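Asks: So here's structure-v9.txt (compact mmCIF, C-alpha atoms).
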# COMPACT_ATOMS: atom_id res chain seq x y z
CA MET A 1 -17.76 56.89 -30.36
CA LYS A 2 -15.69 54.73 -28.07
CA HIS A 3 -15.81 54.82 -24.28
CA ARG A 4 -13.51 52.94 -21.91
CA LEU A 5 -14.54 52.51 -18.27
CA LEU A 6 -11.21 51.03 -17.25
CA GLY A 7 -8.25 53.32 -17.71
CA ALA A 8 -5.84 55.35 -15.80
CA ALA A 9 -5.88 58.51 -17.83
CA LEU A 10 -9.26 60.16 -18.66
CA ALA A 11 -10.10 63.45 -20.29
CA GLY A 12 -7.32 65.96 -19.69
CA CYS A 13 -3.61 66.69 -19.85
CA ALA A 14 -1.36 64.63 -17.62
CA LEU A 15 2.29 64.79 -16.69
CA ALA A 16 4.03 61.49 -16.00
CA ALA A 17 7.56 60.31 -15.35
CA VAL A 18 7.89 56.77 -16.67
CA GLY A 19 10.67 54.53 -15.52
CA ALA A 20 12.37 57.28 -13.55
CA GLY A 21 14.59 56.41 -10.62
CA PRO A 22 14.58 58.12 -7.19
CA VAL A 23 14.37 61.92 -7.29
CA HIS A 24 16.95 63.53 -5.02
CA ALA A 25 16.27 66.73 -3.13
CA MET A 26 18.46 68.93 -5.37
CA SER A 27 17.29 67.54 -8.75
CA ASP A 28 14.21 69.03 -10.40
CA GLN A 29 12.68 69.85 -13.75
CA LEU A 30 10.15 72.51 -14.76
CA TRP A 31 7.31 71.56 -17.12
CA ILE A 32 4.55 73.44 -18.93
CA ASP A 33 1.14 71.76 -18.83
CA VAL A 34 -1.17 72.91 -21.66
CA PRO A 35 -3.65 71.32 -24.07
CA SER A 36 -1.89 70.05 -27.17
CA GLU A 37 -4.56 71.59 -29.38
CA THR A 38 -7.78 73.60 -29.27
CA VAL A 39 -10.38 74.67 -31.84
CA LEU A 40 -11.77 78.21 -32.06
CA PRO A 41 -15.26 78.59 -33.53
CA VAL A 42 -15.29 80.96 -36.47
CA SER A 43 -17.32 84.12 -36.09
CA GLY A 44 -21.01 83.25 -36.52
CA PRO A 45 -24.41 84.96 -36.25
CA GLY A 46 -23.85 85.51 -32.54
CA GLY A 47 -20.35 86.95 -33.03
CA SER A 48 -17.05 85.38 -31.96
CA THR A 49 -16.96 82.70 -29.28
CA GLU A 50 -14.05 82.86 -26.86
CA ARG A 51 -11.93 79.97 -25.71
CA THR A 52 -9.96 80.04 -22.47
CA LEU A 53 -6.55 78.41 -22.66
CA THR A 54 -5.21 77.55 -19.19
CA VAL A 55 -1.42 77.31 -18.92
CA ARG A 56 0.03 75.66 -15.83
CA VAL A 57 3.64 75.17 -14.71
CA ALA A 58 4.70 72.04 -12.80
CA HIS A 59 7.87 70.53 -11.42
CA ASP A 60 9.03 66.98 -10.60
CA ASN A 61 10.42 67.12 -7.09
CA THR A 62 7.91 68.26 -4.49
CA GLU A 63 10.60 68.16 -1.80
CA ASN A 64 11.99 71.33 -3.37
CA GLU A 65 10.62 74.84 -3.08
CA VAL A 66 10.36 76.62 -6.45
CA ALA A 67 10.74 80.40 -6.64
CA PRO A 68 8.15 82.61 -8.41
CA GLY A 69 8.71 82.52 -12.14
CA ARG A 70 7.90 83.97 -15.54
CA LEU A 71 6.01 82.39 -18.43
CA THR A 72 6.69 83.69 -21.95
CA VAL A 73 3.84 83.30 -24.45
CA ASP A 74 4.37 83.76 -28.20
CA ALA A 75 1.13 83.91 -30.24
CA SER A 76 2.64 85.34 -33.44
CA GLU A 77 1.71 82.27 -35.52
CA VAL A 78 -2.00 82.73 -34.84
CA SER A 79 -2.19 86.52 -35.10
CA ALA A 80 -3.53 86.41 -38.68
CA PHE A 81 -6.72 84.62 -37.64
CA ALA A 82 -7.10 84.92 -33.85
CA ARG A 83 -7.07 87.58 -31.12
CA VAL A 84 -5.46 86.98 -27.72
CA ALA A 85 -6.72 88.76 -24.60
CA TRP A 86 -4.00 88.77 -21.94
CA PRO A 87 -4.86 88.28 -18.24
CA SER A 88 -3.82 90.84 -15.60
CA ASN A 89 -0.69 88.91 -14.57
CA CYS A 90 0.72 89.14 -18.10
CA VAL A 91 2.65 92.14 -19.49
CA PRO A 92 2.37 92.37 -23.29
CA GLU A 93 5.63 93.04 -25.10
CA SER A 94 3.62 93.35 -28.33
CA ALA A 95 0.17 92.37 -29.60
CA VAL A 96 1.34 88.76 -29.99
CA ARG A 97 3.85 88.22 -27.17
CA ALA A 98 3.64 88.61 -23.38
CA VAL A 99 5.49 87.68 -20.19
CA CYS A 100 3.34 86.41 -17.31
CA ASP A 101 4.33 86.22 -13.65
CA PHE A 102 3.34 83.06 -11.79
CA PRO A 103 3.58 82.27 -8.06
CA GLY A 104 6.22 80.12 -6.43
CA MET A 105 5.63 76.56 -5.34
CA PRO A 106 6.30 75.77 -1.67
CA ALA A 107 7.55 72.28 -0.80
CA GLY A 108 4.70 69.82 -1.30
CA THR A 109 3.25 71.75 -4.27
CA ASP A 110 3.78 70.37 -7.75
CA ILE A 111 1.78 72.67 -10.06
CA VAL A 112 0.43 76.25 -10.30
CA THR A 113 -1.65 78.15 -12.83
CA ALA A 114 0.56 80.55 -14.79
CA ALA A 115 -1.96 82.19 -17.16
CA ARG A 116 -5.49 81.97 -18.51
CA LEU A 117 -5.43 83.25 -22.09
CA ARG A 118 -8.67 84.18 -23.88
CA LEU A 119 -8.66 83.50 -27.63
CA SER A 120 -11.28 84.31 -30.27
CA ALA A 121 -11.36 84.06 -34.04
CA LEU A 122 -11.04 87.28 -36.06
CA PRO A 123 -13.96 88.23 -38.32
CA ASP A 124 -13.67 86.76 -41.84
CA ALA A 125 -10.70 84.59 -40.78
CA ASP A 126 -9.72 81.79 -43.17
CA PRO A 127 -11.48 78.64 -41.80
CA ALA A 128 -8.46 76.53 -42.86
CA ALA A 129 -5.99 78.62 -40.85
CA SER A 130 -3.98 77.09 -38.00
CA GLY A 131 -0.86 77.82 -36.00
CA GLN A 132 0.96 77.27 -32.73
CA VAL A 133 0.95 79.24 -29.50
CA ARG A 134 4.37 78.64 -27.93
CA TYR A 135 5.49 78.79 -24.30
CA THR A 136 8.66 78.77 -22.22
CA ALA A 137 9.04 79.25 -18.46
CA THR A 138 11.76 79.99 -15.92
CA ALA A 139 11.70 79.94 -12.11
CA GLY A 140 14.90 80.58 -10.20
CA GLU A 141 17.54 78.35 -11.77
CA LEU A 142 14.94 76.10 -13.43
CA THR A 143 14.04 76.38 -17.13
CA SER A 144 11.22 74.44 -18.75
CA PHE A 145 11.26 72.55 -21.98
CA PRO A 146 9.33 74.50 -24.67
CA ALA A 147 5.64 73.65 -25.11
CA GLU A 148 2.99 74.55 -27.65
CA THR A 149 -0.73 74.43 -28.40
CA ARG A 150 -1.99 74.02 -31.94
CA ILE A 151 -4.85 76.45 -32.63
CA SER A 152 -7.24 75.81 -35.53
CA LEU A 153 -10.64 77.16 -36.59
CA GLY A 154 -13.89 75.27 -36.82
CA ASP A 155 -17.51 75.85 -37.77
CA GLY A 156 -20.04 73.83 -35.81
CA PRO A 157 -21.42 72.98 -32.38
CA ASP A 158 -19.16 72.20 -29.43
CA LEU A 159 -20.88 70.23 -26.68
CA GLY A 160 -19.15 69.92 -23.33
CA LEU A 161 -19.81 68.55 -19.86
CA SER A 162 -18.86 70.25 -16.62
CA GLN A 163 -16.92 68.19 -14.06
CA ALA A 164 -19.27 67.00 -11.31
CA GLU A 165 -17.92 66.93 -7.77
CA TYR A 166 -16.41 63.74 -6.39
CA GLN A 167 -18.39 62.19 -3.54
CA ARG A 168 -16.85 60.50 -0.47
CA ASP A 169 -18.16 58.53 2.52
CA LEU A 170 -21.45 57.56 0.91
CA ARG A 171 -23.51 55.14 2.98
CA PRO A 172 -24.60 51.87 1.33
CA GLY A 173 -28.36 51.68 1.03
CA THR A 174 -28.81 55.43 0.44
CA ASP A 175 -29.48 57.53 -2.66
CA THR A 176 -27.30 60.13 -4.32
CA ARG A 177 -27.20 61.95 -7.63
CA VAL A 178 -24.63 63.27 -10.09
CA SER A 179 -25.34 66.75 -11.44
CA ALA A 180 -23.46 68.30 -14.35
CA THR A 181 -23.99 71.00 -16.94
CA VAL A 182 -24.20 70.37 -20.68
CA GLY A 183 -23.17 73.42 -22.69
CA ASN A 184 -22.57 74.38 -26.31
CA SER A 185 -19.54 76.64 -26.76
CA GLY A 186 -19.54 76.34 -30.54
CA ASN A 187 -21.19 78.61 -33.09
CA ARG A 188 -23.99 76.27 -34.26
CA SER A 189 -26.87 74.52 -32.55
CA VAL A 190 -27.27 70.87 -31.64
CA GLU A 191 -30.80 69.67 -32.37
CA ARG A 192 -30.50 66.45 -30.34
CA THR A 193 -27.84 65.02 -28.02
CA LEU A 194 -26.58 61.46 -27.61
CA LEU A 195 -25.68 60.82 -23.97
CA TRP A 196 -23.66 57.79 -22.80
CA ILE A 197 -23.59 57.05 -19.08
CA ASN A 198 -22.07 54.26 -17.03
CA ALA A 199 -22.62 53.46 -13.36
CA SER A 200 -20.19 50.99 -11.81
CA TYR A 201 -21.27 47.72 -10.19
CA GLY A 202 -21.86 49.17 -6.71
CA LEU A 203 -24.32 51.74 -8.07
CA ARG A 204 -27.81 51.38 -9.57
CA PHE A 205 -29.76 53.81 -11.73
CA LYS A 206 -32.80 55.08 -9.83
CA GLU A 207 -34.80 55.34 -13.07
CA ARG A 208 -34.79 53.41 -16.33
CA HIS A 209 -35.79 56.29 -18.61
CA SER A 210 -37.92 55.64 -21.70
CA ASN A 211 -35.57 57.67 -23.92
CA CYS A 212 -32.62 55.50 -22.83
CA GLU A 213 -31.55 51.91 -23.45
CA TYR A 214 -29.49 49.90 -20.98
CA ARG A 215 -26.82 47.19 -20.92
CA ARG A 216 -25.52 45.36 -17.87
CA HIS A 217 -21.91 44.15 -17.89
CA GLU A 218 -19.28 42.78 -15.48
CA THR A 219 -18.33 46.12 -13.96
CA GLY A 220 -21.67 47.95 -13.99
CA THR A 221 -24.50 49.19 -16.19
CA SER A 222 -24.32 51.46 -19.24
CA ALA A 223 -27.06 53.54 -20.85
CA LEU A 224 -27.49 55.35 -24.16
CA CYS A 225 -29.99 58.22 -24.08
CA VAL A 226 -31.33 60.45 -26.85
CA LEU A 227 -32.07 63.94 -25.48
CA ASP A 228 -34.46 65.98 -27.65
CA GLU A 229 -33.74 69.44 -26.23
CA LYS A 230 -32.09 71.81 -28.71
CA VAL A 231 -28.81 73.27 -27.38
CA ALA A 232 -27.94 76.57 -29.06
CA PRO A 233 -24.56 78.33 -28.90
CA GLY A 234 -23.99 79.74 -25.45
CA GLU A 235 -26.77 77.71 -23.86
CA GLN A 236 -26.23 75.55 -20.80
CA TYR A 237 -28.49 72.79 -19.49
CA ALA A 238 -28.55 70.96 -16.18
CA LEU A 239 -28.30 67.16 -16.36
CA THR A 240 -29.00 65.13 -13.21
CA THR A 241 -28.81 61.35 -12.78
CA GLY A 242 -30.22 59.67 -9.68
CA LEU A 243 -28.29 56.71 -8.25
CA ARG A 244 -28.76 54.10 -5.53
CA VAL A 245 -25.65 53.26 -3.49
CA ARG A 246 -25.89 49.49 -3.20
CA ASP A 247 -24.85 47.39 -0.19
CA ARG A 248 -21.82 46.16 -2.18
CA ALA A 249 -20.57 49.68 -3.03
CA LEU A 250 -16.99 50.73 -2.21
CA TYR A 251 -14.82 52.43 -4.86
CA GLU A 252 -17.36 53.50 -7.48
CA ARG A 253 -17.30 55.51 -10.72
CA PHE A 254 -19.87 57.33 -12.77
CA ASP A 255 -18.84 58.09 -16.36
CA HIS A 256 -20.75 60.11 -18.94
CA SER A 257 -20.24 61.75 -22.32
CA VAL A 258 -22.20 63.80 -24.84
CA VAL A 259 -21.99 64.18 -28.64
CA PRO A 260 -24.39 65.60 -31.24
CA TYR A 261 -26.96 62.93 -32.07
CA SER A 262 -26.93 61.07 -35.38
CA ASP A 263 -28.21 57.64 -36.35
CA ALA A 264 -24.64 56.63 -37.18
CA ALA A 265 -23.35 57.78 -33.77
CA LEU A 266 -26.07 55.77 -31.99
CA GLU A 267 -25.34 52.62 -33.98
CA GLU A 268 -21.61 52.93 -33.34
CA ALA A 269 -22.22 53.38 -29.61
CA ARG A 270 -24.50 50.32 -29.50
CA GLY A 271 -21.78 48.18 -31.05
CA GLU A 272 -22.58 44.46 -31.06
CA TRP A 273 -24.15 44.48 -27.60
CA ALA A 274 -27.81 43.96 -26.77
CA TRP A 275 -29.56 46.97 -25.17
CA THR A 276 -32.90 47.01 -23.33
CA PRO A 277 -35.20 50.08 -23.58
CA GLY A 278 -36.23 51.78 -20.35
CA THR A 279 -39.87 52.36 -19.44
CA GLY A 280 -39.72 55.21 -16.89
CA PRO A 281 -40.14 58.97 -17.36
CA GLU A 282 -37.89 60.64 -19.91
CA LEU A 283 -34.50 62.02 -18.94
CA ASP A 284 -34.51 65.71 -19.88
CA LEU A 285 -32.09 68.59 -20.03
CA ARG A 286 -33.26 71.59 -17.99
CA PRO A 287 -32.25 75.08 -19.21
CA ALA A 288 -29.67 76.90 -17.12
CA ALA A 289 -28.83 79.83 -19.46
CA THR A 290 -29.65 80.96 -23.00
CA ARG A 291 -28.18 82.71 -26.01
CA THR A 292 -28.63 82.64 -29.80
CA ALA A 293 -28.77 79.81 -32.36
CA ALA A 294 -27.63 78.53 -35.82
CA ALA A 295 -27.64 74.98 -37.67
CA ALA A 296 -25.92 71.68 -36.60
CA GLY A 297 -22.68 69.92 -37.59
CA GLU A 298 -19.74 67.96 -36.20
CA ASP A 299 -18.56 68.66 -32.64
CA LEU A 300 -15.56 71.01 -32.80
CA ASP A 301 -13.64 69.84 -29.71
CA LEU A 302 -14.12 66.43 -28.07
CA SER A 303 -11.73 67.07 -25.18
CA ASP A 304 -14.51 68.14 -22.80
CA ASN A 305 -17.25 65.77 -23.99
CA TYR A 306 -16.37 63.06 -21.43
CA ARG A 307 -16.17 63.19 -17.63
CA ALA A 308 -15.59 60.65 -14.87
CA VAL A 309 -16.79 61.09 -11.29
CA ILE A 310 -15.49 59.18 -8.25
CA LEU A 311 -18.11 58.05 -5.69
CA ASP A 312 -16.59 56.27 -2.68
CA ALA A 313 -18.74 54.45 -0.13
CA ARG A 314 -18.03 53.88 3.56
CA ASN A 315 -17.77 50.09 3.37
CA THR A 316 -15.41 47.14 3.85
CA ALA A 317 -14.39 43.99 2.00
CA ASP A 318 -12.70 41.11 3.79
CA LEU A 319 -10.12 39.46 1.56
CA LYS A 320 -9.05 35.98 2.61
CA LEU A 321 -5.98 34.18 1.22
CA THR A 322 -5.98 30.39 0.92
CA GLY A 323 -2.93 28.26 0.08
CA SER A 324 -2.83 24.52 -0.55
CA ARG A 325 -1.14 21.22 0.30
CA VAL A 326 0.45 19.08 -2.42
CA ARG A 327 2.30 15.77 -2.46
CA GLY A 328 4.72 14.09 -4.84
CA ALA A 329 7.94 12.16 -5.32
CA VAL A 330 11.31 13.40 -6.52
CA GLY A 331 11.00 14.48 -10.14
CA ASP A 332 7.23 15.02 -9.97
CA THR A 333 5.65 18.32 -10.99
CA VAL A 334 2.68 19.30 -8.84
CA THR A 335 0.27 22.25 -8.96
CA ALA A 336 -0.26 24.39 -5.88
CA ALA A 337 -3.27 26.70 -5.80
CA VAL A 338 -3.33 30.11 -4.17
CA THR A 339 -6.76 31.70 -3.94
CA VAL A 340 -7.89 35.21 -3.02
CA HIS A 341 -11.49 35.20 -1.76
CA ASN A 342 -13.56 38.36 -1.39
CA ARG A 343 -15.89 37.73 1.54
CA GLY A 344 -17.54 41.14 1.11
CA PRO A 345 -19.80 42.81 1.84
CA ALA A 346 -18.36 45.15 -0.82
CA TRP A 347 -16.91 44.33 -4.20
CA VAL A 348 -13.42 45.78 -4.79
CA ALA A 349 -12.39 47.48 -8.02
CA SER A 350 -9.69 49.81 -9.27
CA LEU A 351 -11.54 51.26 -12.24
CA GLY A 352 -9.33 54.33 -12.54
CA ALA A 353 -5.76 53.29 -11.77
CA GLY A 354 -6.28 49.74 -13.02
CA ALA A 355 -4.42 48.22 -10.06
CA ALA A 356 -4.88 44.59 -9.01
CA VAL A 357 -7.30 44.01 -6.14
CA ALA A 358 -4.54 42.00 -4.47
CA THR A 359 -0.92 41.09 -5.18
CA VAL A 360 0.46 38.01 -3.41
CA ARG A 361 4.12 37.31 -2.63
CA PHE A 362 5.81 33.96 -2.01
CA GLN A 363 8.98 31.92 -2.49
CA ALA A 364 9.38 28.30 -3.57
CA PRO A 365 9.06 25.78 -0.71
CA ARG A 366 12.31 24.09 0.28
CA GLY A 367 13.26 21.27 -2.07
CA THR A 368 11.17 22.60 -4.97
CA THR A 369 11.59 24.74 -8.07
CA VAL A 370 8.86 26.90 -9.58
CA THR A 371 8.43 25.76 -13.19
CA GLY A 372 5.17 27.44 -14.18
CA LEU A 373 3.31 30.63 -13.28
CA PRO A 374 0.15 32.31 -14.56
CA GLU A 375 0.60 35.25 -16.91
CA GLU A 376 -0.20 37.70 -14.12
CA CYS A 377 2.91 36.64 -12.14
CA TRP A 378 6.49 37.90 -12.20
CA THR A 379 9.74 37.64 -10.24
CA LEU A 380 12.19 40.05 -8.67
CA PRO A 381 15.90 39.61 -9.34
CA GLU A 382 17.84 37.82 -6.65
CA SER A 383 19.12 40.25 -4.01
CA ALA A 384 22.59 40.57 -2.48
CA ASP A 385 21.10 39.56 0.89
CA GLU A 386 19.51 36.39 -0.50
CA PRO A 387 21.35 35.59 -3.76
CA SER A 388 19.89 32.09 -4.04
CA VAL A 389 16.27 32.98 -3.26
CA THR A 390 13.76 34.22 -5.85
CA THR A 391 10.62 36.05 -4.77
CA TYR A 392 7.47 35.60 -6.86
CA PHE A 393 4.53 37.99 -7.19
CA CYS A 394 1.10 37.23 -8.65
CA LYS A 395 -1.80 39.64 -9.04
CA THR A 396 -5.55 39.31 -9.29
CA PRO A 397 -7.68 41.16 -11.88
CA ILE A 398 -8.55 44.81 -11.22
CA TYR A 399 -11.95 43.89 -9.76
CA LEU A 400 -13.31 41.11 -7.58
CA HIS A 401 -17.03 40.86 -6.95
CA ASP A 402 -18.37 40.26 -3.45
CA GLY A 403 -18.39 36.49 -2.88
CA ALA A 404 -16.01 35.88 -5.79
CA SER A 405 -12.57 34.24 -5.79
CA HIS A 406 -9.49 34.29 -8.00
CA THR A 407 -7.17 31.27 -8.04
CA MET A 408 -3.57 31.21 -9.25
CA ALA A 409 -2.06 27.86 -10.25
CA ILE A 410 1.66 27.52 -9.44
CA ARG A 411 3.59 24.54 -10.83
CA LEU A 412 6.36 23.14 -8.61
CA ARG A 413 8.98 20.51 -9.49
CA ILE A 414 9.99 18.41 -6.49
CA ASP A 415 13.78 18.19 -6.53
CA GLU A 416 14.10 16.77 -3.00
CA VAL A 417 11.47 15.35 -0.67
CA VAL A 418 11.49 17.56 2.43
CA ARG A 419 8.73 16.49 4.80
CA GLY A 420 6.47 19.40 5.65
CA ALA A 421 8.30 21.88 3.43
CA ARG A 422 6.30 25.07 3.46
CA THR A 423 6.39 28.67 2.32
CA THR A 424 4.36 31.68 3.35
CA VAL A 425 2.03 33.35 0.85
CA GLU A 426 0.83 36.83 1.76
CA THR A 427 -0.89 39.84 0.23
CA LEU A 428 0.89 43.16 -0.16
CA ASN A 429 -1.37 45.44 1.84
CA ASP A 430 0.10 48.87 1.06
CA ASP A 431 -0.05 49.26 -2.73
CA PRO A 432 -0.40 53.05 -3.17
CA GLU A 433 -2.80 52.54 -6.09
CA LEU A 434 -5.16 50.28 -4.11
CA SER A 435 -4.32 49.78 -0.45
CA ILE A 436 -5.89 46.63 1.05
CA ARG A 437 -5.27 48.05 4.51
CA GLU A 438 -7.79 50.84 3.84
CA PHE A 439 -10.79 48.59 3.17
CA ASP A 440 -10.02 45.16 4.66
CA PRO A 441 -11.10 44.91 8.33
CA ASN A 442 -9.24 41.64 8.98
CA LEU A 443 -5.65 41.42 7.73
CA ARG A 444 -4.98 38.31 9.82
CA ASN A 445 -6.49 36.05 7.16
CA ASN A 446 -4.40 37.59 4.34
CA THR A 447 -1.56 35.16 4.99
CA SER A 448 -1.49 31.44 4.17
CA GLU A 449 0.94 28.64 3.21
CA ILE A 450 1.87 26.26 0.43
CA VAL A 451 2.85 22.97 2.06
CA VAL A 452 4.65 20.17 0.18
CA ASN A 453 4.55 16.59 1.50
CA GLY A 454 3.25 17.74 4.87
Show the structure stored in the file as structure tokens.
Replies:
Amino acid sequence: MKHRLLGAALAGCALAAVGAGPVHAMSDQLWIDVPSETVLPVSGPGGSTERTLTVRVAHDNTENEVAPGRLTVDASEVSAFARVAWPSNCVPESAVRAVCDFPGMPAGTDIVTAARLRLSALPDADPAASGQVRYTATAGELTSFPAETRISLGDGPDLGLSQAEYQRDLRPGTDTRVSATVGNSGNRSVERTLLWINASYGLRFKERHSNCEYRRHETGTSALCVLDEKVAPGEQYALTTGLRVRDRALYERFDHSVVPYSDAALEEARGEWAWTPGTGPELDLRPAATRTAAAAGEDLDLSDNYRAVILDARNTADLKLTGSRVRGAVGDTVTAAVTVHNRGPAWVASLGAGAAVATVRFQAPRGTTVTGLPEECWTLPESADEPSVTTYFCKTPIYLHDGASHTMAIRLRIDEVVRGARTTVETLNDDPELSIREFDPNLRNNTSEIVVNG
């Protein structure tokens, strides 16, 4: 079981345009957004368990208005082992094919729900059976690329976590909690559950539970908990974690996941790290609904076992940029340091998008040539306006603790001694992934200089 706190894409289907140029008002493309696969539990002692398959239609250019459209669904490949229940906006053409009307998208809207299909396994279906549900969509003059979902059958439990609400404007020094629901939508019971949770650096667990073990790391604290409550098919349990919003909190995350417990799963989750047992009251699941039971096995569908929750605090972090002064003769190579300091009170982290806390921009001082840059630096091609001038960019890591600094060493060759040669170094304050302007109360100290022989 592997969990990654830092990542841009977590638990779900995403649409992305990579390397695309500017989108003009008349250009557009329709897309179908569906899970690539799903597992239907075979019919068990409690009967068939339904799965809901949500089909959404998206488009690229939100400047355009998209007319209402039609989604065509072909489930003929799964008809031998699964039943499809069509929603009210779909008109069946046969038992295995339907056309569904979906609403238009006004300018500024990029995605709508086109259909929610309910699938269940047929009695006595072959457990090895699988097939594709296929989709196409049209809206006005736009036609989507085809899409499909692979449907297979499984026999076992299927734990899942509900998505807890994001929290904004939390006040440092106060308490909050994350509440979610753990459910089993499979056809067999889970006797015990292994829960992994992670609270980022600006958060603190209110309790160190005795059925959990803890590990502190650079970006927060993780816990592994063994929950003894049996979760039968159809049952749902409430899971609540209390948190302290620390004085250094700003852009925080709470991550958690559940899988059926086994000794092997626990050992894999522990990895090579050292964990410390808690001593407080046990963390328990509290029943929210009930149904019937059967015996345990592997989790059928891991796509809903992990969730991430954003918790933003109302706080600031004052970044300060420091340059340096260097001296040398013609032919010398000198090292100029550029440092980003985080004067707090909050730490700054981009744990979702993975953006740098700060990106600095500069050009070589007059009479010098840049001969060496850290790995986190790059250049832009020379422009038509300034064909002889190269602009350099260097970025910090994706987090910077309160009171911490990050220094970038820039090597300069002195080609000509120009007394007092200097260049401005400044942070880019409007990165859409992590805007310094939104948390830094003093942008005046985000500019500095590299001075050569001054």
Asks: Show which residues sit within 10 Å of Ser36 in chain A, as a ChimeraX atom specification. Count only C-alpha atoms, and ignore same-chain residues fewer than 3 positions away.
Replies: /A:13,33,132-133,147-151
Asks: Mind checking which residues fall within 12 Å of Asp263 in chain A, counting all atoms listed in the file, ignoring those fewer than 6 positions away in the same chain, and posting them as a short mmCIF file (atom, residue, chain, number, x, y, z; two decimals) with C-alpha atoms, keeping the file's coordinate frame?
Replies:
data_model
loop_
_atom_site.label_atom_id
_atom_site.label_comp_id
_atom_site.auth_asym_id
_atom_site.auth_seq_id
_atom_site.Cartn_x
_atom_site.Cartn_y
_atom_site.Cartn_z
CA ARG A 192 -30.50 66.45 -30.34
CA THR A 193 -27.84 65.02 -28.02
CA LEU A 194 -26.58 61.46 -27.61
CA VAL A 226 -31.33 60.45 -26.85
CA ALA A 269 -22.22 53.38 -29.61
CA ARG A 270 -24.50 50.32 -29.50
#
Asks: Please report, as a tab-separated table, each residue of range 245-324 of chain A lying at most 12 Å from range 426-433 of chain A, together with the nearest pair of atoms and the separation in Å rounded to one decimal; use only C-alpha atoms, and order rows by chain and ascending residue number.
Replies:
residue	atom	partner	partner_atom	distance
A:Leu319	CA	A:Thr427	CA	9.3
A:Lys320	CA	A:Thr427	CA	9.3
A:Leu321	CA	A:Glu426	CA	7.3
A:Thr322	CA	A:Glu426	CA	9.4
A:Gly323	CA	A:Glu426	CA	9.5
Asks: Quick one: residues within 12 Å of Asp228 in chain A, all atoms listed in the file counted, chain neighbours fewer than 5 positions away excluded, as a short mmCIF file (atom, residue, chain, number, x, y, z; two decimals) with C-alpha atoms, in the coordinates of the input?
Replies:
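Heads up, here's the output in result_36.cif:
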data_model
loop_
_atom_site.label_atom_id
_atom_site.label_comp_id
_atom_site.auth_asym_id
_atom_site.auth_seq_id
_atom_site.Cartn_x
_atom_site.Cartn_y
_atom_site.Cartn_z
CA VAL A 190 -27.27 70.87 -31.64
CA GLU A 191 -30.80 69.67 -32.37
CA ARG A 192 -30.50 66.45 -30.34
CA THR A 193 -27.84 65.02 -28.02
CA LEU A 194 -26.58 61.46 -27.61
CA LEU A 195 -25.68 60.82 -23.97
CA ASN A 211 -35.57 57.67 -23.92
CA CYS A 212 -32.62 55.50 -22.83
CA PRO A 260 -24.39 65.60 -31.24
CA TYR A 261 -26.96 62.93 -32.07
CA SER A 262 -26.93 61.07 -35.38
CA GLU A 282 -37.89 60.64 -19.91
CA LEU A 283 -34.50 62.02 -18.94
CA ASP A 284 -34.51 65.71 -19.88
CA LEU A 285 -32.09 68.59 -20.03
CA ARG A 286 -33.26 71.59 -17.99
#
Asks: So, with only C-alpha atoms as the atoms that count, which of A:Thr424, A:Ser162, A:Ser76, A:Asn64 lies closest to Gln236 in chain A?
Replies: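 Ranking A:Thr424, A:Ser162, A:Ser76, A:Asn64 by distance to Gln236 in chain A, first place goes to A:Ser162.
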Asks: Suppose you want the space between CA of Ala115 in chain A and CA of Phe81 in chain A; what is it in Å?
Replies: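 Atom-to-atom, CA of Ala115 in chain A to CA of Phe81 in chain A, that is 21.2 Å.
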Asks: Can you tell me, as a VMD selection string, what residues are no more than 7 Å from Thr54 in chain A when counting only C-alpha atoms, ignoring any on the same chain fewer than 4 positions away?
Replies: chain A and resid 34 115 to 117
Asks: Which residues of range 296-347 of chain A have any atom within 7 Å of an atom in range 403-406 of chain A when counting all atoms listed in the file, and what is the closest pair of atoms for each, with the distance in Å to one decimal? Order the rows by chain and rising number and write it as a Markdown table.
Replies:
| residue | atom | partner | partner_atom | distance |
| --- | --- | --- | --- | --- |
| A:Thr339 | CA | A:His406 | CA | 5.5 |
| A:Val340 | CA | A:His406 | CA | 5.3 |
| A:His341 | CA | A:Ser405 | CA | 4.3 |
| A:Asn342 | CA | A:Gly403 | CA | 5.4 |
| A:Arg343 | CA | A:Gly403 | CA | 5.2 |
| A:Gly344 | CA | A:Gly403 | CA | 6.2 |
Asks: What's the separation between CA of Trp347 in chain A and CA of Asp440 in chain A, in Å to one decimal place?
Replies: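 It comes out at 11.3 Å.
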Asks: Please indicate the distance in Å from CA of Ala67 in chain A to CA of Phe102 in chain A, rounded to one decimal place.
Replies: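 Between these atoms lies a distance of 9.4 Å.
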